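Okay, so here's the structure we're looking at.
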Amino acid sequence: MIARMKKPARTPKLSAVISGPLLLVGAGKMGQGMLDGWLARGLNPRKLVVIEPHPAKAIKSLGKRGAKINPKSAAEAAAIVIAVKPQTAPEAVPPIGTSAGKGTLVLSIMAGRTLRFLEERLPAGTAIVRAMPNTPAAVARGITVCCANARVTARQRKLATALLAAIGTVEWVADERLIDAVTAVSGSGPAYVFLLAEAMAKAGIAAGLPADLAARLARETVAGSGELLHRSDLDAATLRQNVTSPGGTTAAALAVLMGPNGFDVLLSEAIAAAARRSRELAG
């Protein structure tokens, strides 16, 4: 059966939802990925203010295009995106408050730092969105799940969606407690997929394949299957069934993977462990 292809989702136009300055605090890998996405979607560099103690060459070059890099003071911003490491948050977040006005949206992608943590360190009444992206954001194929505090307006929610759509798909939840499960499934999830590719390559070598061929087969199979799943309007179970002929080689392998102590059980235990650790880190 040939999988039907989904129509690509429409990406919100960033220029249509942000008018004032955009302050990015932290321009590491994730911050840089977002920045690249914003610029690709037509954001005027003159609207950008970047705070980064160790700016990369690409960040410094934005100064020649009108962006403000590490200014001594930053004016009130339309949106502030916090992309610093969570362990630096107690020192990094309070100074941001000077740029947070009544209409400012604060968007945090710091892992483990709750809405309450941010509310306690920013001016009273600040509109805050907490977001959990994942590493495929580096190639604009991530998925981010957000939750908002009570101060966030419909317009600000639209702005947050537009900012995060620069690195992939965006979803929203009303209950912040679900972010722990999100972290366990999609935040940590890329590591599970990479482990699958790693294990497939090792198993291929054990079956007699040359190491370089086994690695290429595993990499391309995982990448290609992921792309098929991304583009298809069929669910994962149906796609799996389409590959599996009764009594065939795939069925023999799945009998092991889907057995009593197989993949489903192990992954459920792994995700439960990750969610539990996320709750511990958030306090």
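By convention in this document, the chains of the structure tokens carry letters A, B, ... by their order, each chain's residues are numbered from 1, and ligands are numbered from 1 in the order they are shown.
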
Looking only at alpha helix (DSSP H) from DSSP on the backbone, list the matching residues of range 58-124 of chain A as a compact mmCIF listing (two decimals) with C-alpha atoms, in the first residue's frame.
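File produced: out-v2.txt:
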# COMPACT_ATOMS: atom_id res chain seq x y z
CA ALA A 58 27.52 34.49 12.85
CA ILE A 59 26.00 36.39 15.79
CA LYS A 60 28.64 39.12 15.63
CA SER A 61 28.02 39.56 11.91
CA LEU A 62 24.38 40.41 12.63
CA ALA A 89 18.60 30.86 35.26
CA PRO A 90 18.69 32.22 38.86
CA GLU A 91 21.29 34.81 37.79
CA ALA A 92 20.20 35.30 34.16
CA LEU A 115 6.12 29.13 35.09
CA ARG A 116 6.17 29.73 38.82
CA PHE A 117 9.98 29.97 38.83
CA LEU A 118 9.81 32.63 36.11
CA GLU A 119 6.89 34.52 37.69

Please give the complete set of residues from range 33-211 of chain A that DSSP, run on the backbone, assigns to strand (DSSP E or B), formatted as a PyMOL selection string. chain A and resi 48-51+68-69+79-82+105-108+127-132+142-148+168-172

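Among A:Pro210, A:Gly247, A:Gly226, A:Gly189, the residue with the shortest atom-to-atom distance to Ala270 in chain A, counting only C-alpha atoms, is A:Gly189.
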
Rank A:Cys146, A:Pro55, A:Ala27, A:Val49 by their smallest atom-to-atom distance to Lys72 in chain A, using only C-alpha atoms, and report the top residue only.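 So, comparing all the options, the nearest one is A:Val49.
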
Compile the contact shell of Met34 in chain A as an NGL selection string: residues with an atom at most 9 Å away, counting only C-alpha atoms, same-chain residues fewer than 5 positions apart removed. :A and (27 or 29 or 39 or 137-138 or 140 or 163-167)

I want to know what sits within 10 Å of Gly103 in chain A, based on only C-alpha atoms, with residues of the same chain fewer than 3 positions away left out; could you give that as a list in words? Glu76, Ala77, Ala78, Ala79, Ala100, Val106, Gly125, Thr126, Ala127, Arg151, Val152, Thr153 and Gln156 of chain A

Shell around Ala273 in chain A at 12 Å using only C-alpha atoms, local window under 2 positions removed, as a CSV table (one decimal) with N, CA and C atoms, in the first residue's frame:
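Okay, this is what ended up in out.csv:
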chain,number,residue,atom,x,y,z
A,180,ASP,N,6.3,17.4,31.9
A,180,ASP,CA,7.2,16.4,32.3
A,180,ASP,C,7.1,15.2,31.3
A,181,ALA,N,5.9,14.8,31.0
A,181,ALA,CA,5.7,13.7,30.0
A,181,ALA,C,6.1,14.1,28.6
A,183,THR,N,8.6,16.2,28.0
A,183,THR,CA,10.0,16.1,28.1
A,183,THR,C,10.5,14.6,27.9
A,184,ALA,N,9.8,13.7,28.5
A,184,ALA,CA,10.2,12.3,28.4
A,184,ALA,C,9.9,11.7,27.0
A,185,VAL,N,8.9,12.2,26.3
A,185,VAL,CA,8.6,11.6,25.0
A,185,VAL,C,9.3,12.3,23.9
A,188,SER,N,13.5,14.1,25.2
A,188,SER,CA,14.5,13.1,25.3
A,188,SER,C,14.4,12.1,24.1
A,266,LEU,N,9.9,-1.9,27.5
A,266,LEU,CA,11.1,-1.2,27.8
A,266,LEU,C,11.0,0.3,27.6
A,267,LEU,N,10.3,0.7,26.5
A,267,LEU,CA,10.1,2.1,26.2
A,267,LEU,C,9.2,2.8,27.2
A,268,SER,N,8.1,2.1,27.6
A,268,SER,CA,7.2,2.6,28.6
A,268,SER,C,8.0,2.8,29.9
A,269,GLU,N,8.9,1.9,30.3
A,269,GLU,CA,9.7,2.1,31.5
A,269,GLU,C,10.6,3.2,31.4
A,270,ALA,N,11.2,3.4,30.2
A,270,ALA,CA,12.2,4.4,30.0
A,270,ALA,C,11.5,5.8,30.0
A,271,ILE,N,10.4,5.9,29.4
A,271,ILE,CA,9.7,7.2,29.4
A,271,ILE,C,9.2,7.6,30.8
A,275,ALA,N,10.2,11.0,32.8
A,275,ALA,CA,9.2,11.9,33.3
A,275,ALA,C,9.4,12.1,34.8
A,276,ARG,N,9.8,11.0,35.5
A,276,ARG,CA,10.0,11.1,36.9
A,276,ARG,C,11.2,12.0,37.2
A,277,ARG,N,12.3,11.9,36.4
A,277,ARG,CA,13.5,12.7,36.6
A,277,ARG,C,13.2,14.1,36.3
A,278,SER,N,12.3,14.4,35.3
A,278,SER,CA,11.9,15.7,35.0
A,278,SER,C,11.2,16.4,36.1
A,279,ARG,N,10.4,15.7,36.8
A,279,ARG,CA,9.6,16.2,38.0
A,279,ARG,C,10.6,16.5,39.1
A,280,GLU,N,11.6,15.6,39.3
A,280,GLU,CA,12.6,15.9,40.3
A,280,GLU,C,13.4,17.1,40.0
